[in-house]
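Below is one structure, written out as structure tokens; the observations come after it.
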Amino acid sequence: MCYGKCARCIGHSLVWLAVLCIVANILLYFPNGETKYASENNLSRYVWFFGGIAGGGLLMFLPAIVFMMLEEEEDCCGCCGHDNCGKRCAMFSSIFAAFIGLLASGYCVTVASLGLGEGPWCLDSLGQWNYTFANTNGQYLMDSSTWSQCKEPKHIVEWNVTLFSLLLAFGGIEFIFCLIQIINGLLGGICGYCCSRQQVRTCEKMPPGQNHKLPLFHCNLYMYLYYCKTLYCVSYSSYSTFINVYKDRRSNMISVFEHPFQCLNLANQLFF
């Protein structure tokens, strides 16, 4: 069994699922194609949690790219003159990317489940904006006759149920794929990467002391460090911005863009 080809297939599938999650989450901001509800903040609170954009979307690109890189034909000879060593390292390193995918897809599934359970934020028959189905414990999903209680936006219940259900399904499939890759990475690292006999015979043994290229392993390691740096920068910037807003709510101009550059310089010193 070629574990690299399996990982590549999973990576391509995750890319398409991530794109679908982003699209579904964006559509939640525009019920019936209208933008006024987003500008007036008359949307479900879980729409703003970015479950599909961040969780099932952008973060999922990281493991997907790592998985697709495992099928590269370079470095069949491995590292330090040992056949298949570099591929084994790459397969083991993909397990960490799969764990990131598990967390990201799990976040998407959690947000989508909470959004379905609470129901949409809508204008009821009394003319008040509230979560009409919040106290039904999700029972409204089984009784479509009650959906007419939401007067505005029109068909908001159908809109939210459809898109949150899609996010739940896409996130669940991503979770399963990442779980499969964890098993695939373990088997590929222990049993050895699938490499054709012709490639193995043509591998040249390099004398000790010479440099050996490890494009897959080094690239994966660099991606993990860059991901940690980016995550640190985003967290630091968000925290700094929140503190500034909290301290001076009346300020019209908040310096938001200076923090990421300061953070990037600090992160470069820490990681590189």
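Residue numbering restarts at 1 for every chain of the structure tokens, chains are lettered A, B, ... in their displayed order, and ligands are numbered from 1 as they appear.
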Near Ala18 (chain A), within 12 Å and counting only C-alpha atoms, which residues show up once chain neighbours fewer than 6 positions away are dropped, as a count of residues only?
32
Considering only C-alpha atoms, can you say which of A:Lys5, A:Leu163, A:Met91, A:Tyr140 comes closest to Ile22 (chain A)?
A:Leu163
At a cut-off of 10 Å, using only C-alpha atoms, what residues contact Thr132 (chain A)? Leave out same-chain residues fewer than 3 positions from it and give the result as a VMD selection string.
chain A and resid 118 to 125 128 to 129 135 to 136 140 146 to 147 149 to 150
Write out as a short mmCIF file (atom, residue, chain, number, x, y, z; two decimals) with N, CA, C and O atoms, in the first residue's frame each polymer residue whose atoms come within 10 Å of Trp159 (chain A), counting only C-alpha atoms; drop sequence neighbours fewer than 5 positions from it.
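This went into selection_20.cif:
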data_model
loop_
_atom_site.label_atom_id
_atom_site.label_comp_id
_atom_site.auth_asym_id
_atom_site.auth_seq_id
_atom_site.Cartn_x
_atom_site.Cartn_y
_atom_site.Cartn_z
N LEU A 27 -21.97 32.49 3.27
CA LEU A 27 -23.39 32.62 2.93
C LEU A 27 -24.26 32.87 4.16
O LEU A 27 -25.33 33.48 4.05
N LEU A 28 -23.81 32.42 5.32
CA LEU A 28 -24.57 32.66 6.55
C LEU A 28 -24.68 34.15 6.88
O LEU A 28 -25.59 34.56 7.60
N PHE A 30 -25.32 36.45 4.73
CA PHE A 30 -26.21 37.12 3.78
C PHE A 30 -27.48 36.30 3.57
O PHE A 30 -27.64 35.64 2.53
N PRO A 31 -28.39 36.30 4.55
CA PRO A 31 -29.66 35.57 4.38
C PRO A 31 -30.42 36.09 3.17
O PRO A 31 -30.64 37.30 3.02
N ASN A 32 -30.82 35.17 2.31
CA ASN A 32 -31.54 35.51 1.08
C ASN A 32 -30.77 36.47 0.18
O ASN A 32 -31.35 37.21 -0.62
N PRO A 120 -31.97 30.35 14.74
CA PRO A 120 -31.57 31.65 14.21
C PRO A 120 -32.03 32.82 15.07
O PRO A 120 -32.96 32.69 15.88
N PRO A 153 -35.41 37.64 9.03
CA PRO A 153 -35.43 37.55 7.57
C PRO A 153 -36.31 36.40 7.07
O PRO A 153 -36.51 35.42 7.78
N LYS A 154 -36.80 36.53 5.88
CA LYS A 154 -37.66 35.49 5.32
C LYS A 154 -36.87 34.21 5.10
O LYS A 154 -35.74 34.23 4.61
N PHE A 164 -25.77 25.46 8.32
CA PHE A 164 -25.12 24.87 9.50
C PHE A 164 -25.04 23.35 9.38
O PHE A 164 -24.07 22.73 9.85
N SER A 165 -26.03 22.74 8.75
CA SER A 165 -25.98 21.29 8.52
C SER A 165 -24.85 20.94 7.56
O SER A 165 -24.15 19.92 7.75
#
Selection: 12 Å around region 183-185 of chain A, only C-alpha atoms, excl. self and same-chain fewer than 3 positions, as an NGL selection string:
:A and (1-10 or 66-67 or 70 or 87-99 or 176-180 or 188-194)
May I ask for the distance between CA of Glu40 (chain A) and CA of Glu158 (chain A), given in Å to one decimal place?
20.5 Å
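Coordinates place CA of Leu116 (chain A) at a distance of 7.0 Å from CA of Gly138 (chain A).
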Give the answer as one residue: which of A:Gly115, A:Gly106, A:Gly33, A:Gly127 has the shortest atom-to-atom distance to Thr162 (chain A), using only C-alpha atoms?
A:Gly115
Could you tell me how far CA of Val157 (chain A) sits from CA of Asp143 (chain A), in Å to one decimal place?
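Interatomic distance, CA of Asp143 (chain A) to CA of Val157 (chain A): 11.5 Å.
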